[in-house]
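Engineer: Okay, handing you the structure first.
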Amino acid sequence: MKITAVDAIPYSIDYRKPLKFASGEVHAAEHVLVRVHTDDGIVGIADAPPRPFTYGETQRGLVAVIETIFAPQVVGLALNEREIVHARLSRTVGNPVAKAAVDIAIWDALGRTLDMPVTDLLGGYTDRMRVSHMLGFDTPEAMVDEATRMRETYGIDVFKVKVGRRPVSLDTAVVRALREGLGDDVELYVDGNRGWSASESAKAMSDMADLGLTLAEELCPADDVLGRRWLVGQLNVPFVADESAVTPAEVTREILGGSATAVSIKTARSGFTGSTRTLHLCEGLGLEVVMGNQIDGQLGSTCTVAFGSAFELTSRRAGELSNFLDMSDDLLTEPLDIRDGVLTVRPGAGLGVEIDPDKLARYRQDI
Ligand code: MUC
Ligand code: MG
């Protein structure tokens with residue numbers, strides 16, 4: 001049960017089509033595979049997707065901080081000493097994706113050691129989540145076509161629409177076209193990645209008031225403290241804190257400050273341990289939560305569905321679980337399968353998935 005080594009392996013897999021949004025764009029999954037080895041010969045895995053435009057972490061930075069700072073802090077600990085792991089990693093400010101991957105790989109190793117699925121260790125509430133698909137910037141026609149294809153092929157009927165361009169009419173036209181093209185049965189919500197000002201956000205939400213949106217996420221920066229509070233106070237849908245509220249302390253600050261009324265939980269940046277803490281805080285505060293997507297591959301999406309299915313509150317809403325569909329390939333031996341708009345948890349010990357060694361050899365960038 002003792003951790004003997006932690007590897008951080010950079011790899012790159014191209015996207016078939018890039019995902020574009022207000023704070024950046026992603027053309028390739030330049031991620032890091034993290035492996036935690038134990039003295040029993042168990043190997044736990046996790047994916048670390050750097051998002052430089054959001055958190056300042058890069059692929060090379062992830063490898064460096066894991067190898068030089070975090071690995072030495074956890075080697076020698078037992079897999080079940082998770083609170084000690086959390087306390088040691090928390091000494092370092094920032095680096096959320098690097099810490100999350102180390103945490104998740106330890107949970108996976110623990111599940112494999114105990115021969116139990118991680119989702120059952122976490123909570124075991126259900127074994128599935130409805131899927132929400134995230135639509136990146138494009139023309140109204142292309143975005144309606146993509147949503148239609150997702151509905152026809154995978155049964156997905158919940159869509160998060162990226163907004164935050166200028167003029168705001170570029171995006172409000174897209175959301176209107178989606179509502180008209182897909183009808184009233186689909187759920188639509190918007191995510192601005194801080195692209196608009198508070199007044200632009202208010203104008204856009206008022207222009208879209210007849211479109212039945214269910215959530216608005218990070219439309220303007222939380223650092224525009226009074227503007228954001230003014231905006232959130234006038235909306236009649238929950239306002240989701242995503243990149244502004246990564247830790248429980250940040251959630252507390254943003255919610256009590258009136259900057260948000262709901263929270264996006266992303267296992268890619270708070271692991272299973274941090275995500276559990278945030279979730280329980282949200283329960284205590286009576287907040288809605290969304291299981292978000294950090295533009296995850298299949299391993300990351302496996303983690304999101306394992307966590308989201310484990311708890312009642314996280315499984316209420318559709319989770320953002322489908323962006324891996326835009327990747328040209330993946331590392332898993334068996335691809336994830338979205339059917340009838342649902343992704344089920346993989347049965348089996350730990351996360352229940354395996355890395356294909358040939359694919360890792362093809363895509364790794366360190367040899
Ligand atoms: C999201 O919900 O914002 C885009 C940037 C990022 O860090 O995550 C994605 C999705
Ligand atoms: Mg977001």
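Residue numbering restarts at 1 in every chain; chains get A, B, ... in the order shown in the structure tokens, and ligands count up from 1 in that same order.
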Which residues sit within 7 Å of ligand 1, counting only C-alpha atoms and all ligand atoms, listed as a PDB file with N, CA and C atoms, in the first residue's frame?

Structural biologist:
```
ATOM      1  N   PHE A  21     -12.892  29.206 -27.527  1.00  0.00           N
ATOM      2  CA  PHE A  21     -13.728  29.847 -26.512  1.00  0.00           C
ATOM      3  C   PHE A  21     -13.076  31.171 -26.143  1.00  0.00           C
ATOM      4  N   SER A  23     -11.414  32.499 -23.741  1.00  0.00           N
ATOM      5  CA  SER A  23     -10.093  32.651 -23.121  1.00  0.00           C
ATOM      6  C   SER A  23      -9.011  31.844 -23.824  1.00  0.00           C
ATOM      7  N   ARG A  51      -4.087  23.954 -18.632  1.00  0.00           N
ATOM      8  CA  ARG A  51      -4.874  25.009 -19.278  1.00  0.00           C
ATOM      9  C   ARG A  51      -4.172  26.330 -19.010  1.00  0.00           C
ATOM     10  N   THR A  54      -5.848  29.638 -18.444  1.00  0.00           N
ATOM     11  CA  THR A  54      -6.732  29.790 -17.285  1.00  0.00           C
ATOM     12  C   THR A  54      -5.942  29.769 -15.980  1.00  0.00           C
ATOM     13  N   ASP A 191     -21.583  29.781 -21.408  1.00  0.00           N
ATOM     14  CA  ASP A 191     -20.343  29.968 -20.633  1.00  0.00           C
ATOM     15  C   ASP A 191     -19.480  31.002 -21.342  1.00  0.00           C
ATOM     16  N   ASN A 193     -16.454  32.371 -20.208  1.00  0.00           N
ATOM     17  CA  ASN A 193     -15.012  32.392 -19.900  1.00  0.00           C
ATOM     18  C   ASN A 193     -14.484  33.819 -19.746  1.00  0.00           C
ATOM     19  N   ASP A 242     -16.853  29.044 -12.307  1.00  0.00           N
ATOM     20  CA  ASP A 242     -15.992  27.962 -12.799  1.00  0.00           C
ATOM     21  C   ASP A 242     -14.556  28.299 -12.417  1.00  0.00           C
ATOM     22  N   GLU A 243     -13.819  28.978 -13.324  1.00  0.00           N
ATOM     23  CA  GLU A 243     -12.409  29.240 -13.028  1.00  0.00           C
ATOM     24  C   GLU A 243     -12.201  30.218 -11.875  1.00  0.00           C
ATOM     25  N   GLY A 292     -18.117  19.873 -14.482  1.00  0.00           N
ATOM     26  CA  GLY A 292     -17.594  20.573 -15.651  1.00  0.00           C
ATOM     27  C   GLY A 292     -16.525  19.772 -16.383  1.00  0.00           C
ATOM     28  N   ASN A 293     -16.107  20.316 -17.524  1.00  0.00           N
ATOM     29  CA  ASN A 293     -15.126  19.658 -18.390  1.00  0.00           C
ATOM     30  C   ASN A 293     -13.940  20.592 -18.579  1.00  0.00           C
ATOM     31  N   GLN A 294     -12.745  20.073 -18.357  1.00  0.00           N
ATOM     32  CA  GLN A 294     -11.531  20.881 -18.530  1.00  0.00           C
ATOM     33  C   GLN A 294     -10.924  20.567 -19.903  1.00  0.00           C
ATOM     34  N   ILE A 295     -11.815  20.266 -20.867  1.00  0.00           N
ATOM     35  CA  ILE A 295     -11.412  19.800 -22.194  1.00  0.00           C
ATOM     36  C   ILE A 295     -10.624  18.496 -22.012  1.00  0.00           C
TER      37      ILE A 295
END
```

Engineer: Report as number ranges by chain which protein, DNA and RNA residues come within 12 Å of ligand 2, using only C-alpha atoms and all ligand atoms.

Structural biologist: A: 21-24, 51, 54, 134-136, 160-164, 189-195, 215-221, 239-246, 262-266, 290-295, 320

Engineer: What's the 10 Å shell around A:Gly227, counting only C-alpha atoms, without same-chain residues fewer than 5 positions away, as a PyMOL selection string?

Structural biologist: chain A and resi 197-199+220-222+232-233+259

Engineer: Let me see the file: selected residues, C-alpha atoms, as a compact mmCIF listing (two decimals), in the first residue's frame.

Structural biologist:
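The resulting file, again-v3.txt, is shown below:
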```txt
# COMPACT_ATOMS: atom_id res chain seq x y z
CA SER A 197 -17.98 43.04 -19.34
CA ALA A 198 -20.79 42.99 -16.80
CA SER A 199 -22.89 45.36 -18.93
CA CYS A 220 -17.52 38.42 -16.97
CA PRO A 221 -14.46 38.39 -14.66
CA ALA A 222 -15.08 37.79 -10.95
CA VAL A 232 -25.59 38.19 -10.81
CA GLY A 233 -28.23 40.05 -8.77
CA SER A 259 -20.36 36.81 -7.52
```

Engineer: Can you pull out every residue within 6 Å of stretch 143-154 of chain A, counting only C-alpha atoms, but drop anything in the same chain fewer than 3 positions away, and send it as JSON, numbers by chain?

Structural biologist: {"A": [140, 157, 178, 338, 339, 340, 341]}

Engineer: Would you work out the distance separating atom CA of A:Arg229 from atom CA of A:Ala260, expressed in Å to one decimal?

Structural biologist: 7.9 Å

Engineer: Go through A:Asp337, A:Glu141, A:Asp47, A:Glu30 and flag the residue nearest A:Thr267, using only C-alpha atoms for the distances.

Structural biologist: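 Using only C-alpha atoms, the shortest distance to A:Thr267 belongs to A:Asp47.
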
Engineer: Could you list, with a cut-off of 9 Å and counting only C-alpha atoms, the residues of stretch 26-108 of chain A near stretch 268-275 of chain A, each shown with its nearest atom pair and the distance in Å rounded to one decimal, rows sorted by chain and ascending number, as CSV?

Structural biologist:
```
residue,atom,partner,partner_atom,distance
A:Ala46,CA,A:Ala268,CA,8.9
A:Asp47,CA,A:Ala268,CA,7.5
A:Ala48,CA,A:Ala268,CA,6.6
A:Pro49,CA,A:Ala268,CA,7.1
A:Arg82,CA,A:Thr273,CA,8.0
A:Glu83,CA,A:Thr273,CA,8.5
A:His86,CA,A:Thr273,CA,7.5
A:Asn95,CA,A:Arg269,CA,8.5
A:Pro96,CA,A:Arg269,CA,4.9
A:Val97,CA,A:Arg269,CA,4.4
A:Ala98,CA,A:Arg269,CA,7.8
A:Lys99,CA,A:Gly271,CA,7.3
A:Ala100,CA,A:Gly271,CA,3.8
A:Ala101,CA,A:Gly271,CA,6.3
A:Val102,CA,A:Gly271,CA,8.0
A:Asp103,CA,A:Gly271,CA,5.7
A:Ile104,CA,A:Gly271,CA,5.5
A:Trp107,CA,A:Phe272,CA,7.6
```

Engineer: Would you mind exporting the chosen residues as a tab-separated table (two decimals), in the first residue's frame, restricted to all heavy atoms?

Structural biologist:
```tsv
chain	number	residue	atom	x	y	z
A	46	ALA	N	-3.88	8.81	-13.79
A	46	ALA	CA	-4.72	10.01	-13.88
A	46	ALA	C	-4.20	10.85	-15.03
A	46	ALA	O	-3.06	10.69	-15.46
A	46	ALA	CB	-4.66	10.81	-12.58
A	47	ASP	N	-5.06	11.74	-15.52
A	47	ASP	CA	-4.68	12.62	-16.62
A	47	ASP	C	-4.58	14.06	-16.11
A	47	ASP	O	-5.44	14.50	-15.35
A	47	ASP	CB	-5.76	12.55	-17.72
A	47	ASP	CG	-5.23	13.06	-19.05
A	47	ASP	OD1	-4.08	12.75	-19.38
A	47	ASP	OD2	-5.99	13.76	-19.75
A	48	ALA	N	-3.54	14.77	-16.55
A	48	ALA	CA	-3.38	16.18	-16.16
A	48	ALA	C	-3.43	17.03	-17.43
A	48	ALA	O	-2.47	17.04	-18.21
A	48	ALA	CB	-2.05	16.36	-15.44
A	49	PRO	N	-4.55	17.74	-17.68
A	49	PRO	CA	-4.66	18.59	-18.86
A	49	PRO	C	-4.32	20.05	-18.52
A	49	PRO	O	-5.12	20.74	-17.88
A	49	PRO	CB	-6.14	18.46	-19.24
A	49	PRO	CG	-6.84	18.20	-17.94
A	49	PRO	CD	-5.84	17.61	-16.97
A	82	ARG	N	-4.65	9.66	2.80
A	82	ARG	CA	-5.01	10.69	1.82
A	82	ARG	C	-5.05	12.09	2.44
A	82	ARG	O	-4.81	13.08	1.78
A	82	ARG	CB	-6.35	10.35	1.16
A	82	ARG	CG	-6.26	9.09	0.28
A	82	ARG	CD	-7.50	8.99	-0.57
A	82	ARG	NE	-8.70	9.15	0.25
A	82	ARG	CZ	-9.27	8.17	0.94
A	82	ARG	NH1	-8.78	6.96	0.90
A	82	ARG	NH2	-10.34	8.41	1.67
A	83	GLU	N	-5.39	12.16	3.70
A	83	GLU	CA	-5.44	13.47	4.36
A	83	GLU	C	-4.02	14.05	4.51
A	83	GLU	O	-3.84	15.27	4.41
A	83	GLU	CB	-6.15	13.34	5.72
A	83	GLU	CG	-6.53	14.65	6.37
A	83	GLU	CD	-7.58	15.47	5.60
A	83	GLU	OE1	-8.23	14.93	4.67
A	83	GLU	OE2	-7.73	16.66	5.92
A	86	HIS	N	-3.17	15.29	1.07
A	86	HIS	CA	-3.86	16.56	0.81
A	86	HIS	C	-3.16	17.71	1.54
A	86	HIS	O	-2.94	18.78	0.96
A	86	HIS	CB	-5.33	16.45	1.25
A	86	HIS	CG	-6.12	17.68	1.00
A	86	HIS	ND1	-6.50	18.10	-0.26
A	86	HIS	CD2	-6.59	18.63	1.85
A	86	HIS	CE1	-7.16	19.22	-0.17
A	86	HIS	NE2	-7.24	19.58	1.10
A	95	ASN	N	-1.16	25.51	-8.89
A	95	ASN	CA	-0.88	24.19	-9.50
A	95	ASN	C	-2.05	23.21	-9.34
A	95	ASN	O	-1.83	22.03	-9.00
A	95	ASN	CB	0.40	23.59	-8.91
A	95	ASN	CG	1.62	24.42	-9.23
A	95	ASN	OD1	2.16	24.33	-10.33
A	95	ASN	ND2	2.01	25.27	-8.31
A	96	PRO	N	-3.30	23.65	-9.58
A	96	PRO	CA	-4.43	22.77	-9.28
A	96	PRO	C	-4.45	21.49	-10.09
A	96	PRO	O	-4.81	20.43	-9.57
A	96	PRO	CB	-5.66	23.64	-9.61
A	96	PRO	CG	-5.16	24.67	-10.57
A	96	PRO	CD	-3.74	24.94	-10.13
A	97	VAL	N	-4.05	21.56	-11.37
A	97	VAL	CA	-4.16	20.37	-12.23
A	97	VAL	C	-3.10	19.33	-11.84
A	97	VAL	O	-3.38	18.13	-11.82
A	97	VAL	CB	-4.06	20.79	-13.72
A	97	VAL	CG1	-3.98	19.58	-14.63
A	97	VAL	CG2	-5.26	21.66	-14.10
A	98	ALA	N	-1.90	19.79	-11.51
A	98	ALA	CA	-0.85	18.86	-11.07
A	98	ALA	C	-1.26	18.15	-9.78
A	98	ALA	O	-1.14	16.92	-9.66
A	98	ALA	CB	0.46	19.63	-10.86
A	99	LYS	N	-1.79	18.91	-8.82
A	99	LYS	CA	-2.20	18.29	-7.55
A	99	LYS	C	-3.35	17.31	-7.77
A	99	LYS	O	-3.38	16.23	-7.16
A	99	LYS	CB	-2.67	19.38	-6.58
A	99	LYS	CG	-1.60	20.32	-6.08
A	99	LYS	CD	-2.29	21.38	-5.22
A	99	LYS	CE	-1.40	22.52	-4.87
A	99	LYS	NZ	-2.12	23.65	-4.26
A	100	ALA	N	-4.30	17.72	-8.63
A	100	ALA	CA	-5.48	16.88	-8.86
A	100	ALA	C	-5.08	15.53	-9.43
A	100	ALA	O	-5.61	14.49	-9.04
A	100	ALA	CB	-6.45	17.59	-9.81
A	101	ALA	N	-4.13	15.55	-10.38
A	101	ALA	CA	-3.75	14.29	-11.02
A	101	ALA	C	-3.05	13.35	-10.02
A	101	ALA	O	-3.30	12.14	-10.03
A	101	ALA	CB	-2.85	14.56	-12.23
A	102	VAL	N	-2.20	13.90	-9.17
A	102	VAL	CA	-1.55	13.05	-8.16
A	102	VAL	C	-2.61	12.45	-7.24
A	102	VAL	O	-2.63	11.24	-6.94
A	102	VAL	CB	-0.50	13.87	-7.36
A	102	VAL	CG1	0.04	13.06	-6.18
A	102	VAL	CG2	0.64	14.32	-8.28
A	103	ASP	N	-3.56	13.28	-6.82
A	103	ASP	CA	-4.64	12.82	-5.93
A	103	ASP	C	-5.45	11.69	-6.58
A	103	ASP	O	-5.72	10.65	-5.97
A	103	ASP	CB	-5.55	14.01	-5.61
A	103	ASP	CG	-6.76	13.61	-4.78
A	103	ASP	OD1	-6.58	13.35	-3.58
A	103	ASP	OD2	-7.87	13.54	-5.34
A	104	ILE	N	-5.84	11.90	-7.85
A	104	ILE	CA	-6.69	10.90	-8.53
A	104	ILE	C	-5.93	9.60	-8.75
A	104	ILE	O	-6.49	8.51	-8.55
A	104	ILE	CB	-7.22	11.48	-9.87
A	104	ILE	CG1	-8.28	12.53	-9.58
A	104	ILE	CG2	-7.79	10.37	-10.76
A	104	ILE	CD1	-8.77	13.28	-10.80
A	107	TRP	N	-6.09	7.68	-5.61
A	107	TRP	CA	-7.42	7.04	-5.43
A	107	TRP	C	-7.55	5.81	-6.33
A	107	TRP	O	-8.09	4.78	-5.93
A	107	TRP	CB	-8.53	8.04	-5.78
A	107	TRP	CG	-8.97	8.93	-4.67
A	107	TRP	CD1	-8.49	10.18	-4.40
A	107	TRP	CD2	-9.99	8.67	-3.70
A	107	TRP	NE1	-9.14	10.71	-3.31
A	107	TRP	CE2	-10.06	9.80	-2.86
A	107	TRP	CE3	-10.82	7.59	-3.45
A	107	TRP	CZ2	-10.97	9.89	-1.81
A	107	TRP	CZ3	-11.73	7.68	-2.39
A	107	TRP	CH2	-11.78	8.82	-1.58
```

Engineer: Would you kindly return, as a list in words, each protein, DNA or RNA residue with an atom no farther than 10 Å from any atom of A:Leu299, considering only C-alpha atoms and excluding same-chain residues fewer than 4 positions away?

Structural biologist: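 Result of the neighbour search: Leu33, Ile45, Ala46, Asp47, Ala48, Cys303, Thr304, Phe324, Asp330, Leu331, Leu332, Pro335, Leu336, Leu351, Val353, Glu354 and Ile355 of chain A.
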
Engineer: Would you write out those residues with all heavy atoms, as a CSV table (one decimal), in the first residue's frame?

Structural biologist:
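Contents of selection12.csv, as written:
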```csv
chain,number,residue,atom,x,y,z
A,33,LEU,N,0.2,12.2,-18.5
A,33,LEU,CA,-0.3,11.0,-17.9
A,33,LEU,C,0.5,10.8,-16.6
A,33,LEU,O,1.7,10.8,-16.6
A,33,LEU,CB,-0.1,9.8,-18.8
A,33,LEU,CG,-0.5,8.4,-18.1
A,33,LEU,CD1,-2.0,8.3,-17.9
A,33,LEU,CD2,0.0,7.2,-18.9
A,45,ILE,N,-3.6,5.6,-12.2
A,45,ILE,CA,-3.4,6.5,-13.3
A,45,ILE,C,-4.3,7.7,-13.2
A,45,ILE,O,-5.4,7.6,-12.5
A,45,ILE,CB,-3.6,5.8,-14.7
A,45,ILE,CG1,-5.0,5.2,-14.7
A,45,ILE,CG2,-2.5,4.8,-14.9
A,45,ILE,CD1,-5.3,4.6,-16.1
A,46,ALA,N,-3.9,8.8,-13.8
A,46,ALA,CA,-4.7,10.0,-13.9
A,46,ALA,C,-4.2,10.9,-15.0
A,46,ALA,O,-3.1,10.7,-15.5
A,46,ALA,CB,-4.7,10.8,-12.6
A,47,ASP,N,-5.1,11.7,-15.5
A,47,ASP,CA,-4.7,12.6,-16.6
A,47,ASP,C,-4.6,14.1,-16.1
A,47,ASP,O,-5.4,14.5,-15.3
A,47,ASP,CB,-5.8,12.6,-17.7
A,47,ASP,CG,-5.2,13.1,-19.0
A,47,ASP,OD1,-4.1,12.8,-19.4
A,47,ASP,OD2,-6.0,13.8,-19.8
A,48,ALA,N,-3.5,14.8,-16.6
A,48,ALA,CA,-3.4,16.2,-16.2
A,48,ALA,C,-3.4,17.0,-17.4
A,48,ALA,O,-2.5,17.0,-18.2
A,48,ALA,CB,-2.1,16.4,-15.4
A,303,CYS,N,-12.9,10.0,-15.0
A,303,CYS,CA,-12.9,10.6,-13.6
A,303,CYS,C,-14.1,11.4,-13.3
A,303,CYS,O,-14.7,11.3,-12.2
A,303,CYS,CB,-11.6,11.4,-13.4
A,303,CYS,SG,-10.1,10.5,-13.6
A,304,THR,N,-14.5,12.2,-14.2
A,304,THR,CA,-15.6,13.1,-14.0
A,304,THR,C,-16.9,12.3,-13.8
A,304,THR,O,-17.7,12.6,-12.9
A,304,THR,CB,-15.9,14.1,-15.2
A,304,THR,OG1,-14.6,14.8,-15.4
A,304,THR,CG2,-17.0,15.0,-15.0
A,324,PHE,N,-14.1,14.7,-25.5
A,324,PHE,CA,-13.1,13.7,-26.1
A,324,PHE,C,-13.6,13.3,-27.5
A,324,PHE,O,-12.8,12.8,-28.3
A,324,PHE,CB,-13.0,12.5,-25.1
A,324,PHE,CG,-14.2,11.6,-25.0
A,324,PHE,CD1,-14.4,10.7,-26.0
A,324,PHE,CD2,-15.0,11.8,-24.0
A,324,PHE,CE1,-15.5,9.8,-25.9
A,324,PHE,CE2,-16.2,11.0,-23.8
A,324,PHE,CZ,-16.4,10.0,-24.8
A,330,ASP,N,-7.1,8.4,-28.6
A,330,ASP,CA,-7.0,8.4,-27.1
A,330,ASP,C,-6.1,7.4,-26.6
A,330,ASP,O,-5.6,6.5,-27.4
A,330,ASP,CB,-8.4,8.3,-26.5
A,330,ASP,CG,-8.5,8.9,-25.2
A,330,ASP,OD1,-8.2,8.3,-24.2
A,330,ASP,OD2,-8.9,10.1,-25.1
A,331,LEU,N,-5.8,7.4,-25.3
A,331,LEU,CA,-4.9,6.4,-24.7
A,331,LEU,C,-5.6,5.1,-24.2
A,331,LEU,O,-4.9,4.1,-23.9
A,331,LEU,CB,-4.1,7.0,-23.6
A,331,LEU,CG,-3.2,8.2,-23.9
A,331,LEU,CD1,-2.5,8.6,-22.6
A,331,LEU,CD2,-2.2,7.8,-25.0
A,332,LEU,N,-6.9,5.1,-24.0
A,332,LEU,CA,-7.5,4.0,-23.3
A,332,LEU,C,-7.6,2.8,-24.3
A,332,LEU,O,-7.8,2.9,-25.5
A,332,LEU,CB,-8.9,4.4,-22.9
A,332,LEU,CG,-9.0,5.5,-21.8
A,332,LEU,CD1,-10.5,5.5,-21.3
A,332,LEU,CD2,-8.0,5.3,-20.7
A,335,PRO,N,-12.6,2.4,-25.8
A,335,PRO,CA,-13.1,3.8,-25.8
A,335,PRO,C,-14.4,3.9,-24.9
A,335,PRO,O,-15.2,2.9,-24.8
A,335,PRO,CB,-13.4,4.0,-27.3
A,335,PRO,CG,-13.4,2.7,-28.0
A,335,PRO,CD,-12.6,1.8,-27.1
A,336,LEU,N,-14.6,5.1,-24.4
A,336,LEU,CA,-15.9,5.4,-23.7
A,336,LEU,C,-17.0,5.4,-24.7
A,336,LEU,O,-16.8,5.8,-25.9
A,336,LEU,CB,-15.8,6.7,-23.0
A,336,LEU,CG,-14.7,6.9,-21.9
A,336,LEU,CD1,-14.9,8.2,-21.2
A,336,LEU,CD2,-14.8,5.7,-20.9
A,351,LEU,N,-10.5,3.1,-11.3
A,351,LEU,CA,-11.2,3.8,-12.4
A,351,LEU,C,-11.8,2.9,-13.4
A,351,LEU,O,-12.6,3.3,-14.2
A,351,LEU,CB,-10.4,4.9,-13.1
A,351,LEU,CG,-9.9,6.1,-12.2
A,351,LEU,CD1,-8.8,6.8,-12.8
A,351,LEU,CD2,-11.1,7.0,-11.8
A,353,VAL,N,-10.4,1.6,-16.0
A,353,VAL,CA,-9.9,1.7,-17.4
A,353,VAL,C,-8.4,1.4,-17.4
A,353,VAL,O,-7.7,1.6,-16.4
A,353,VAL,CB,-10.1,3.1,-17.9
A,353,VAL,CG1,-11.6,3.4,-18.1
A,353,VAL,CG2,-9.5,4.2,-17.1
A,354,GLU,N,-7.9,1.1,-18.6
A,354,GLU,CA,-6.4,0.8,-18.8
A,354,GLU,C,-5.9,1.6,-19.9
A,354,GLU,O,-6.6,1.9,-20.9
A,354,GLU,CB,-6.3,-0.7,-19.1
A,354,GLU,CG,-6.9,-1.7,-18.1
A,354,GLU,CD,-6.3,-1.6,-16.7
A,354,GLU,OE1,-5.1,-1.1,-16.6
A,354,GLU,OE2,-7.0,-2.0,-15.8
A,355,ILE,N,-4.6,1.9,-19.8
A,355,ILE,CA,-3.8,2.6,-20.8
A,355,ILE,C,-3.3,1.6,-21.8
A,355,ILE,O,-2.7,0.6,-21.5
A,355,ILE,CB,-2.6,3.4,-20.2
A,355,ILE,CG1,-3.1,4.5,-19.2
A,355,ILE,CG2,-1.8,4.1,-21.3
A,355,ILE,CD1,-4.0,5.5,-19.8
```

Engineer: Could you name the residues that touch A:Pro167 at 10 Å or less, counting only C-alpha atoms, but leaving out those on the same chain fewer than 2 positions away, as a ChimeraX atom specification?

Structural biologist: /A:164-165,169-172,196,200,204

Engineer: Atom CA of A:Ile156 and atom CA of A:Leu213 are how many Å apart?

Structural biologist: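 Taking atom CA of A:Ile156 as the start and atom CA of A:Leu213 as the end point, the length is 16.5 Å.
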
Engineer: What lies within 12 Å of stretch 357-359 of chain A using only C-alpha atoms, ignoring chain neighbours under 4 positions off, as a list in words?

Structural biologist: Tyr11, Ser12, Ile13, Asp329, Asp330, Leu331, Leu332, Thr333, Glu334, Tyr363, Arg364 and Gln365 of chain A

Engineer: Create the file for the chosen residues now, containing all heavy atoms and written as a short mmCIF file (atom, residue, chain, number, x, y, z; two decimals), in the first residue's frame.

Structural biologist:
```
data_model
loop_
_atom_site.label_atom_id
_atom_site.label_comp_id
_atom_site.auth_asym_id
_atom_site.auth_seq_id
_atom_site.Cartn_x
_atom_site.Cartn_y
_atom_site.Cartn_z
N TYR A 11 2.28 13.75 -23.25
CA TYR A 11 1.88 13.18 -24.54
C TYR A 11 1.04 14.19 -25.30
O TYR A 11 0.58 15.19 -24.70
CB TYR A 11 1.12 11.85 -24.36
CG TYR A 11 -0.25 11.99 -23.73
CD1 TYR A 11 -1.39 12.17 -24.53
CD2 TYR A 11 -0.42 11.96 -22.35
CE1 TYR A 11 -2.65 12.30 -23.96
CE2 TYR A 11 -1.68 12.09 -21.78
CZ TYR A 11 -2.79 12.25 -22.59
OH TYR A 11 -4.04 12.40 -22.03
N SER A 12 0.88 13.96 -26.58
CA SER A 12 0.09 14.90 -27.39
C SER A 12 -0.73 14.12 -28.41
O SER A 12 -0.21 13.29 -29.14
CB SER A 12 1.05 15.87 -28.12
OG SER A 12 0.29 16.76 -28.91
N ILE A 13 -2.04 14.42 -28.42
CA ILE A 13 -2.95 13.83 -29.41
C ILE A 13 -3.75 14.96 -30.05
O ILE A 13 -4.35 15.78 -29.33
CB ILE A 13 -3.91 12.81 -28.74
CG1 ILE A 13 -3.11 11.68 -28.08
CG2 ILE A 13 -4.91 12.25 -29.76
CD1 ILE A 13 -3.95 10.65 -27.33
N ASP A 329 -7.72 10.55 -31.41
CA ASP A 329 -7.43 9.24 -30.83
C ASP A 329 -7.40 9.41 -29.31
O ASP A 329 -7.63 10.53 -28.80
CB ASP A 329 -6.08 8.71 -31.35
CG ASP A 329 -5.94 7.19 -31.20
OD1 ASP A 329 -6.87 6.55 -30.66
OD2 ASP A 329 -4.90 6.66 -31.62
N ASP A 330 -7.10 8.36 -28.59
CA ASP A 330 -7.04 8.45 -27.12
C ASP A 330 -6.09 7.36 -26.62
O ASP A 330 -5.60 6.54 -27.39
CB ASP A 330 -8.44 8.28 -26.53
CG ASP A 330 -8.54 8.92 -25.15
OD1 ASP A 330 -8.17 8.27 -24.15
OD2 ASP A 330 -8.95 10.10 -25.07
N LEU A 331 -5.84 7.35 -25.30
CA LEU A 331 -4.89 6.38 -24.74
C LEU A 331 -5.56 5.12 -24.21
O LEU A 331 -4.87 4.14 -23.93
CB LEU A 331 -4.12 7.02 -23.58
CG LEU A 331 -3.18 8.19 -23.89
CD1 LEU A 331 -2.46 8.61 -22.60
CD2 LEU A 331 -2.15 7.80 -24.96
N LEU A 332 -6.87 5.13 -24.01
CA LEU A 332 -7.51 3.99 -23.34
C LEU A 332 -7.60 2.77 -24.25
O LEU A 332 -7.76 2.90 -25.47
CB LEU A 332 -8.93 4.36 -22.87
CG LEU A 332 -9.04 5.47 -21.83
CD1 LEU A 332 -10.46 5.51 -21.26
CD2 LEU A 332 -8.04 5.29 -20.70
N THR A 333 -7.56 1.60 -23.64
CA THR A 333 -7.67 0.35 -24.42
C THR A 333 -9.09 0.20 -24.98
O THR A 333 -9.28 -0.31 -26.07
CB THR A 333 -7.35 -0.89 -23.56
OG1 THR A 333 -8.12 -0.79 -22.36
CG2 THR A 333 -5.88 -0.97 -23.22
N GLU A 334 -10.10 0.62 -24.19
CA GLU A 334 -11.49 0.51 -24.66
C GLU A 334 -12.13 1.88 -24.61
O GLU A 334 -12.21 2.49 -23.54
CB GLU A 334 -12.28 -0.40 -23.73
CG GLU A 334 -12.09 -1.85 -24.00
CD GLU A 334 -12.94 -2.67 -23.05
OE1 GLU A 334 -14.17 -2.49 -23.05
OE2 GLU A 334 -12.34 -3.43 -22.27
N TYR A 363 2.23 8.33 -28.70
CA TYR A 363 1.92 9.74 -28.45
C TYR A 363 2.80 10.41 -27.39
O TYR A 363 2.75 11.63 -27.25
CB TYR A 363 0.44 9.88 -28.05
CG TYR A 363 -0.50 9.47 -29.16
CD1 TYR A 363 -1.38 8.40 -29.00
CD2 TYR A 363 -0.49 10.14 -30.39
CE1 TYR A 363 -2.23 8.02 -30.03
CE2 TYR A 363 -1.33 9.76 -31.42
CZ TYR A 363 -2.20 8.70 -31.23
OH TYR A 363 -3.04 8.32 -32.25
N ARG A 364 3.60 9.61 -26.65
CA ARG A 364 4.39 10.25 -25.59
C ARG A 364 5.48 11.11 -26.22
O ARG A 364 5.94 10.84 -27.34
CB ARG A 364 4.94 9.24 -24.59
CG ARG A 364 5.97 8.30 -25.11
CD ARG A 364 6.29 7.24 -24.07
NE ARG A 364 6.92 7.80 -22.87
CZ ARG A 364 7.12 7.11 -21.75
NH1 ARG A 364 6.70 5.85 -21.65
NH2 ARG A 364 7.73 7.67 -20.72
N GLN A 365 5.89 12.15 -25.51
CA GLN A 365 6.79 13.13 -26.10
C GLN A 365 8.14 13.19 -25.39
O GLN A 365 8.94 14.07 -25.70
CB GLN A 365 6.13 14.51 -26.04
CG GLN A 365 4.87 14.54 -26.88
CD GLN A 365 4.33 15.93 -26.92
OE1 GLN A 365 3.96 16.49 -25.90
NE2 GLN A 365 4.29 16.51 -28.09
#
```
